[in-house]
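Each remark here refers to the structure printed beneath this line.
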Amino acid sequence: MRIDTKCIQSGYAPKNGEARILPIYQSTTFKYESTEQMGRLFDLEEDGYFYTRLANPTNDAVAAKIADLEGGVAGMLTSSGQSACFYSIFNICEAGDHFVCSTSIYGGTYNLFSVTMKKLGIDVTFVDPDAPAEEISAAFRPNTKALFGETIANPALVVLDIEKFAKVAHDHGVPLIVDNTFATPINCRPIEWGADIVVHSTTKYMDGHATSVGGAIVDSGNFDWEAHADKFPGLTTPDESYHGVVYTERFGKAAYITKATATLMRDLGSIPSPHNSFLLNLGLETLALRVRKHCENAQKVAEFLSKNDKVSWVSFSGLEGDKYHDLAKKYMPNGSCGVISFGVKGGRESAVKFMDSLKLAAIVTHVADARTSVLHPASHTHRQMNDEELKAAGVTPDLIRFSVGIEDADDIIEDIENALCAAQ
C-alpha cells in the first residue's frame with residue numbers, strides 16, 4: 001500500500017462482523033480460563049493481552065500503523081514523546097554507558113539527556129550535526145552505545161544528514177536513533193537512509209489536533225545486535241527477570257521492541273491510555289493530507305517573511321538559499337514541515353511585542369497541530385539552557401518558532417503583517 005492508504009488502512013483489519021473502526025479497549029485487564037495460560041503470558045512464551053501497562057489491543061494497532069508508515073518491523077507507543085526518547089536510549093544503555101547526540105535537538109530532550117540521564121549514570125557527548133564525520137566519530141568511546149539526532153531540529157530547523165550519521169554510528173557498531181517528529185514519515189522515512197530506530201512525539205503532527213500527548217518508538221529490524229553482542233548484553237544475554245530469556249534468540253528482529261515493552265514498560269509504566277491512542281489513530285488517518293497543507297502554507301509564509309523589511313532573518317529549508325535547502329531536497333523532496341524560525345528586527349523585545357500582537361496565532365507551549373501557534377524558545381522550551389548551550393542548539397535570543405497551521409495562508413500572513421507593524 002502507498003503511504004496515504006497506510007495512514008487509513010494499516011494496523012487494524014476487522015474480520016467479518018467486527019467493528020469497522022478501531023475499538024477503544026478501555027480495560028486495565030483481560031480474562032483467561034486457566035492459570036497455566038496466564039503464566040505463559042508472563043513468561044513471554046505466548047502472545048496475548050493480560051494487563052494494559054504491558055500491552056493493549058488499541059495501543060498495539062496504532063503502534064503497528066506507525067511502524068508500517070516508517071517502514072519498520074515493530075513499534076510501541078508511550079505516554080509522551082519524552083518517554084519515547086528516554087526508552088529508546090535506556091533500552092540499550094545502563095549506568096556506566098555513554099551515547100553521542102546532536103546539539104540541535106528539542107530543549108526538553110537536551111535536558112533529559114544532559115541532566116536526568118546523567119543522574120542514572122549514563123553519560124552523553126553533544127556534537128555539532130554539521131561537523132565532519134571525523135569530528136563526530138571522535139566523540140565516541142569504547143562504552144558508547146548509540147548516536148541520536150533529529151531529522152529536523154526543534155526549533156533551530158537544522159536538517160540532519162542522516163546518511164552521514166548512520167555511517168558514523170555503524171562504523172562504531174552502534175545504532176542510529178532519529179527523532180522524526182517534525183518531518184513525519186509523510187516527508188521522510190529515516191530508516192530508508194540508514195537509521196535503525198525512529199522515535200516520535202505523536203503529540204505533534206501525528207495527533208494533529210492538540211488533544212493527546214503521546215510518543216512512539218519504531219525499530220527497523222536492521223541493526224544486528226548479535227554482531228555486537230558485547231555492547232548490548234541486555235538484548236544478547238539471559239534476562240533473569242524473565243527466567244533467562246535471550247531477546248535476540250527468542251524474538252529475532254522484534255528483540256529491541258519486545259525488551260522495551262517487557263522490561264521498561266513493565267517497570268516504568270509510561271503507557272498511553274487506549275482512548276488517547278484511539279484519538280491518535282484518528283489523527284493519523286488525515287496525516288498525509290494535513291502535512292501537505294502545513295508545508296504548502298509554511299512555504300508561502302516563509303516567502304513572505306523573507307521579503308519583509310521588519311524581519312532580520314528566516315530559517316526554513318524550503319527557501320532557496322537556506323543553509324539546509326540542499327539536504328532537505330535530498331531527504332525531504334516533497335516538503336519538510338510547517339514550522340518556521342525567524343527573528344524580528346529589534347531583538348528579543350520586538351519579538352515579544354510581535355508575539356503579543358498576534359490575533360489568529362496563539363502563544364502556546366505546543367507546535368505542529370492544525371492551528372497556527374507561536375513560541376519564544378529562549379523564554380519557554382529552552383529556558384533551562386545557559387547562553388552557551390542555547391548557541392550550540394541554534395537558539396538565539398530573538399528566535400521565534402512559528403508553527404504554521406492549516407488555516408487559509410492569506411489569513412495567517414495578514415495576522416503576521418499586522419503584528420509586525422505593531423511591534424516596530
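Going through the C-alpha cells in order, the chains are called A, B, and so on, while each chain numbers its residues from 1 and the ligands are numbered from 1 in the order shown.
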Task: Leu235 in chain A environment, 7 Å, only C-alpha atoms, sequence neighbours closer than 3 positions dropped, as a PyMOL selection string - done: chain A and resi 232+246-248+255
Please dump the current selection as a tab-separated table (two decimals), in the first residue's frame; keep C-alpha atoms.
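Heads up, here's the output in selection-v1.tsv:
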```tsv
chain	number	residue	atom	x	y	z
A	232	PHE	CA	24.34	-4.92	24.16
A	246	VAL	CA	17.61	-14.01	25.49
A	247	TYR	CA	15.67	-11.45	23.45
A	248	THR	CA	17.68	-11.74	20.24
A	255	ALA	CA	14.04	-8.15	20.11
```
Please identify every residue of range 200-226 of chain A that has at least one atom no farther than 12 Å from an atom of range 323-344 of chain A, counting only C-alpha atoms, and for each give the shortest atom pair and the distance in Å to one decimal, arranged by chain then increasing number, as a Markdown table.
```
| residue | atom | partner | partner_atom | distance |
| --- | --- | --- | --- | --- |
| A:Lys204 | CA | A:Gly338 | CA | 11.0 |
| A:Tyr205 | CA | A:Cys337 | CA | 9.2 |
| A:Gly208 | CA | A:Gly338 | CA | 11.8 |
```
With only C-alpha atoms as the counted atoms, please give the residues lying no more than 7 Å from Glu150 in chain A, apart from itself and same-chain residues fewer than 4 positions off, as a PDB file with C-alpha atoms, in the first residue's frame.
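result-v8.pdb, freshly written:
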```
ATOM      1  CA  ILE A 105      17.561  18.884  19.472  1.00  0.00           C
ATOM      2  CA  LEU A 160      20.184  16.119   9.849  1.00  0.00           C
ATOM      3  CA  VAL A 178      16.411   9.501  14.845  1.00  0.00           C
ATOM      4  CA  ASP A 179      13.571  11.659  16.165  1.00  0.00           C
ATOM      5  CA  ASN A 180      11.354  12.126  13.095  1.00  0.00           C
TER       6      ASN A 180
END
```
Sel. of strand (DSSP E) residues, range 111-219 of chain A, as a PDB file with N, CA and C atoms, in the first residue's frame:
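Output saved as selection-v5.pdb:
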```pdb
ATOM      1  N   ASP A 123      26.212   8.751  30.458  1.00  0.00           N
ATOM      2  CA  ASP A 123      26.843   9.991  30.018  1.00  0.00           C
ATOM      3  C   ASP A 123      26.534  10.249  28.542  1.00  0.00           C
ATOM      4  N   VAL A 124      26.570  11.524  28.160  1.00  0.00           N
ATOM      5  CA  VAL A 124      26.309  11.911  26.776  1.00  0.00           C
ATOM      6  C   VAL A 124      27.332  12.941  26.335  1.00  0.00           C
ATOM      7  N   THR A 125      27.710  12.879  25.072  1.00  0.00           N
ATOM      8  CA  THR A 125      28.547  13.897  24.449  1.00  0.00           C
ATOM      9  C   THR A 125      27.760  14.502  23.290  1.00  0.00           C
ATOM     10  N   PHE A 126      27.642  15.825  23.295  1.00  0.00           N
ATOM     11  CA  PHE A 126      26.910  16.508  22.228  1.00  0.00           C
ATOM     12  C   PHE A 126      27.876  16.942  21.132  1.00  0.00           C
ATOM     13  N   VAL A 127      27.430  16.772  19.878  1.00  0.00           N
ATOM     14  CA  VAL A 127      28.255  17.114  18.730  1.00  0.00           C
ATOM     15  C   VAL A 127      27.485  18.008  17.771  1.00  0.00           C
ATOM     16  N   THR A 144      30.419   3.650  24.212  1.00  0.00           N
ATOM     17  CA  THR A 144      29.335   4.341  23.506  1.00  0.00           C
ATOM     18  C   THR A 144      28.367   3.323  22.925  1.00  0.00           C
ATOM     19  N   LYS A 145      27.058   3.565  23.135  1.00  0.00           N
ATOM     20  CA  LYS A 145      26.047   2.584  22.737  1.00  0.00           C
ATOM     21  C   LYS A 145      25.065   3.083  21.673  1.00  0.00           C
ATOM     22  N   ALA A 146      25.066   4.391  21.355  1.00  0.00           N
ATOM     23  CA  ALA A 146      24.094   4.889  20.373  1.00  0.00           C
ATOM     24  C   ALA A 146      24.491   6.277  19.891  1.00  0.00           C
ATOM     25  N   LEU A 147      23.944   6.654  18.740  1.00  0.00           N
ATOM     26  CA  LEU A 147      24.051   8.005  18.199  1.00  0.00           C
ATOM     27  C   LEU A 147      22.631   8.498  17.970  1.00  0.00           C
ATOM     28  N   PHE A 148      22.337   9.751  18.383  1.00  0.00           N
ATOM     29  CA  PHE A 148      20.962  10.278  18.368  1.00  0.00           C
ATOM     30  C   PHE A 148      20.921  11.626  17.658  1.00  0.00           C
ATOM     31  N   GLY A 149      19.869  11.852  16.876  1.00  0.00           N
ATOM     32  CA  GLY A 149      19.667  13.153  16.233  1.00  0.00           C
ATOM     33  C   GLY A 149      18.221  13.343  15.837  1.00  0.00           C
ATOM     34  N   GLU A 150      17.864  14.567  15.439  1.00  0.00           N
ATOM     35  CA  GLU A 150      16.504  14.878  14.974  1.00  0.00           C
ATOM     36  C   GLU A 150      16.526  15.168  13.479  1.00  0.00           C
ATOM     37  N   LEU A 176      21.810   4.051  15.004  1.00  0.00           N
ATOM     38  CA  LEU A 176      21.425   5.453  14.887  1.00  0.00           C
ATOM     39  C   LEU A 176      19.954   5.574  15.249  1.00  0.00           C
ATOM     40  N   ILE A 177      19.660   6.438  16.220  1.00  0.00           N
ATOM     41  CA  ILE A 177      18.289   6.714  16.647  1.00  0.00           C
ATOM     42  C   ILE A 177      17.918   8.109  16.155  1.00  0.00           C
ATOM     43  N   VAL A 178      16.816   8.222  15.430  1.00  0.00           N
ATOM     44  CA  VAL A 178      16.411   9.501  14.845  1.00  0.00           C
ATOM     45  C   VAL A 178      15.015   9.873  15.307  1.00  0.00           C
ATOM     46  N   ASP A 179      14.879  11.092  15.829  1.00  0.00           N
ATOM     47  CA  ASP A 179      13.571  11.659  16.165  1.00  0.00           C
ATOM     48  C   ASP A 179      13.009  12.286  14.892  1.00  0.00           C
ATOM     49  N   ILE A 197      16.543   3.060  14.504  1.00  0.00           N
ATOM     50  CA  ILE A 197      15.395   3.234  15.388  1.00  0.00           C
ATOM     51  C   ILE A 197      14.857   4.641  15.181  1.00  0.00           C
ATOM     52  N   VAL A 198      13.551   4.776  15.111  1.00  0.00           N
ATOM     53  CA  VAL A 198      12.903   6.073  14.905  1.00  0.00           C
ATOM     54  C   VAL A 198      11.971   6.343  16.078  1.00  0.00           C
ATOM     55  N   VAL A 199      12.018   7.565  16.600  1.00  0.00           N
ATOM     56  CA  VAL A 199      11.107   7.949  17.676  1.00  0.00           C
ATOM     57  C   VAL A 199      10.259   9.139  17.231  1.00  0.00           C
ATOM     58  N   HIS A 200       9.143   9.303  17.885  1.00  0.00           N
ATOM     59  CA  HIS A 200       8.216  10.401  17.593  1.00  0.00           C
ATOM     60  C   HIS A 200       7.605  10.950  18.868  1.00  0.00           C
ATOM     61  N   SER A 201       7.375  12.241  18.874  1.00  0.00           N
ATOM     62  CA  SER A 201       6.373  12.803  19.753  1.00  0.00           C
ATOM     63  C   SER A 201       5.093  12.809  18.931  1.00  0.00           C
ATOM     64  N   GLY A 215       3.856   9.323  22.488  1.00  0.00           N
ATOM     65  CA  GLY A 215       5.117   9.076  21.803  1.00  0.00           C
ATOM     66  C   GLY A 215       5.106   7.712  21.144  1.00  0.00           C
ATOM     67  N   ALA A 216       6.105   7.470  20.301  1.00  0.00           N
ATOM     68  CA  ALA A 216       6.215   6.181  19.619  1.00  0.00           C
ATOM     69  C   ALA A 216       7.680   5.858  19.370  1.00  0.00           C
ATOM     70  N   ILE A 217       7.988   4.569  19.378  1.00  0.00           N
ATOM     71  CA  ILE A 217       9.306   4.065  19.007  1.00  0.00           C
ATOM     72  C   ILE A 217       9.100   3.007  17.933  1.00  0.00           C
ATOM     73  N   VAL A 218       9.883   3.098  16.863  1.00  0.00           N
ATOM     74  CA  VAL A 218       9.823   2.116  15.779  1.00  0.00           C
ATOM     75  C   VAL A 218      11.209   1.528  15.578  1.00  0.00           C
ATOM     76  N   ASP A 219      11.278   0.209  15.495  1.00  0.00           N
ATOM     77  CA  ASP A 219      12.546  -0.477  15.228  1.00  0.00           C
ATOM     78  C   ASP A 219      12.557  -0.942  13.780  1.00  0.00           C
TER      79      ASP A 219
END
```
Task: A:Ser315, A:Ser34, A:Ser270, A:Gln82 ranked by distance to Thr116 in chain A, top pick (using only C-alpha atoms) - done: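 Nearest candidate to Thr116 in chain A out of A:Ser315, A:Ser34, A:Ser270, A:Gln82: A:Gln82.
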Open item on the list: Neighbouring residues of Thr396 in chain A were defined as those with any atom within 12 Å, considering only C-alpha atoms; residues of the same chain fewer than 4 positions away were excluded. Please report them as a list in words.
Closed with: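 Counting only the stated atoms, we get Pro155, Ala156, Trp313, Ser315, Ser341, Phe342, Gly343, Val344, Gly347, Arg348, Ala351, His376, Pro377, Ala378, Ser379, His382, Arg383, Met385, Asn386, Asp387, Glu388, Glu389, Leu390, Lys391, Ala392, Ile400 and Arg401 of chain A.
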Those residues with C-alpha atoms, as a compact mmCIF listing (two decimals), in the first residue's frame please?
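Output below, filename again_14.txt:
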```txt
# COMPACT_ATOMS: atom_id res chain seq x y z
CA PRO A 155 13.36 24.81 16.94
CA ALA A 156 16.58 25.60 15.01
CA TRP A 313 16.36 36.54 9.22
CA SER A 315 15.20 29.76 8.70
CA SER A 341 12.08 30.06 12.75
CA PHE A 342 12.77 33.75 12.27
CA GLY A 343 13.93 36.89 14.01
CA VAL A 344 12.28 40.30 14.18
CA GLY A 347 15.78 41.67 19.01
CA ARG A 348 14.13 40.00 21.96
CA ALA A 351 9.97 39.51 19.34
CA HIS A 376 9.75 32.12 22.06
CA PRO A 377 12.09 29.17 22.79
CA ALA A 378 14.70 31.12 24.79
CA SER A 379 11.93 32.14 27.21
CA HIS A 382 14.77 26.14 26.17
CA ARG A 383 14.81 28.44 29.19
CA MET A 385 19.79 26.30 28.96
CA ASN A 386 22.59 28.78 29.53
CA ASP A 387 23.79 31.12 26.76
CA GLU A 388 26.46 28.70 25.56
CA GLU A 389 24.01 25.80 25.37
CA LEU A 390 21.45 27.98 23.58
CA LYS A 391 24.04 28.96 21.00
CA ALA A 392 25.04 25.32 20.44
CA ILE A 400 10.58 32.99 17.14
CA ARG A 401 9.25 29.50 16.46
```
Open item on the list: Considering only C-alpha atoms, can you say which of A:Ala67, A:Met355, A:Cys101, A:Ile363 comes closest to Asp398 in chain A?
Closed with: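 Checking each of A:Ala67, A:Met355, A:Cys101, A:Ile363 against Asp398 in chain A, counting only C-alpha atoms, the winner is A:Met355.
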- [ ] Might you pull out every residue within 12 Å of Asn276 in chain A, with only C-alpha atoms counted and same-chain residues fewer than 2 positions away left off, and present them as a count of residues only?
- [x] 31
Within 10 Å of Asp309 in chain A, counting only C-alpha atoms, which residues qualify if same-chain residues fewer than 2 places away don't, as a PDB file with N, CA and C atoms, in the first residue's frame?
```
ATOM      1  N   LEU A 305       7.876  36.281   4.819  1.00  0.00           N
ATOM      2  CA  LEU A 305       8.799  36.757   5.850  1.00  0.00           C
ATOM      3  C   LEU A 305      10.165  37.127   5.262  1.00  0.00           C
ATOM      4  N   SER A 306      10.627  36.333   4.316  1.00  0.00           N
ATOM      5  CA  SER A 306      11.958  36.571   3.746  1.00  0.00           C
ATOM      6  C   SER A 306      12.036  37.882   2.972  1.00  0.00           C
ATOM      7  N   LYS A 307      10.889  38.407   2.583  1.00  0.00           N
ATOM      8  CA  LYS A 307      10.860  39.660   1.810  1.00  0.00           C
ATOM      9  C   LYS A 307      10.432  40.859   2.655  1.00  0.00           C
ATOM     10  N   VAL A 311      11.751  41.925   9.262  1.00  0.00           N
ATOM     11  CA  VAL A 311      12.274  40.621   9.668  1.00  0.00           C
ATOM     12  C   VAL A 311      13.770  40.575   9.374  1.00  0.00           C
ATOM     13  N   SER A 312      14.564  40.179  10.383  1.00  0.00           N
ATOM     14  CA  SER A 312      16.019  40.192  10.233  1.00  0.00           C
ATOM     15  C   SER A 312      16.567  38.919   9.593  1.00  0.00           C
ATOM     16  N   TRP A 313      15.912  37.790   9.814  1.00  0.00           N
ATOM     17  CA  TRP A 313      16.361  36.536   9.217  1.00  0.00           C
ATOM     18  C   TRP A 313      15.240  35.508   9.258  1.00  0.00           C
ATOM     19  N   VAL A 344      12.842  38.983  14.480  1.00  0.00           N
ATOM     20  CA  VAL A 344      12.278  40.297  14.178  1.00  0.00           C
ATOM     21  C   VAL A 344      13.327  41.361  14.494  1.00  0.00           C
ATOM     22  N   LYS A 345      13.433  42.362  13.639  1.00  0.00           N
ATOM     23  CA  LYS A 345      14.377  43.442  13.889  1.00  0.00           C
ATOM     24  C   LYS A 345      14.013  44.133  15.209  1.00  0.00           C
ATOM     25  N   LEU A 420       3.672  42.474  13.001  1.00  0.00           N
ATOM     26  CA  LEU A 420       4.980  43.092  12.716  1.00  0.00           C
ATOM     27  C   LEU A 420       4.910  44.611  12.780  1.00  0.00           C
TER      28      LEU A 420
END
```
TODO: Show which residues sit within 10 Å of Lys119 in chain A, as a list in words. Count only C-alpha atoms, and ignore same-chain residues fewer than 6 positions away.
DONE: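 Skipping anything fewer than 6 positions along the chain leaves Ala95, Leu112 and Phe113 of chain A.
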Open item on the list: With DSSP run on the backbone, what are the helix (DSSP H, G or I) residues within range 149-341 of chain A? I'd like them as a VMD selection string.
Closed with: chain A and resid 162 to 171 184 to 187 190 to 193 226 to 228 233 to 236 240 to 242 247 to 268 274 to 285 287 to 306 325 to 331
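Across the model, the gap from CA of Asp161 in chain A to CA of Tyr87 in chain A is 23.5 Å.
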Open item on the list: Just the number, please: distance in Å from CA of Lys353 in chain A to CA of Phe182 in chain A, one decimal.
Closed with: 26.9 Å
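Nearest residue to Ile416 in chain A among A:Phe304, A:Phe316, A:Trp225, A:Phe90 is A:Phe304, counting only C-alpha atoms.
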Task: Counting only C-alpha atoms, the residue of A:Ile122, A:Asp411, A:Thr286, A:Ala368 that sits nearest Ile92 in chain A - done: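 Distance minimum relative to Ile92 in chain A lands on A:Ile122.
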Open item on the list: Between A:Thr365, A:Asn143, A:Asp43, A:Gly72, which residue has the minimum interatomic distance to Gly108 in chain A, considering only C-alpha atoms?
Closed with: A:Thr365
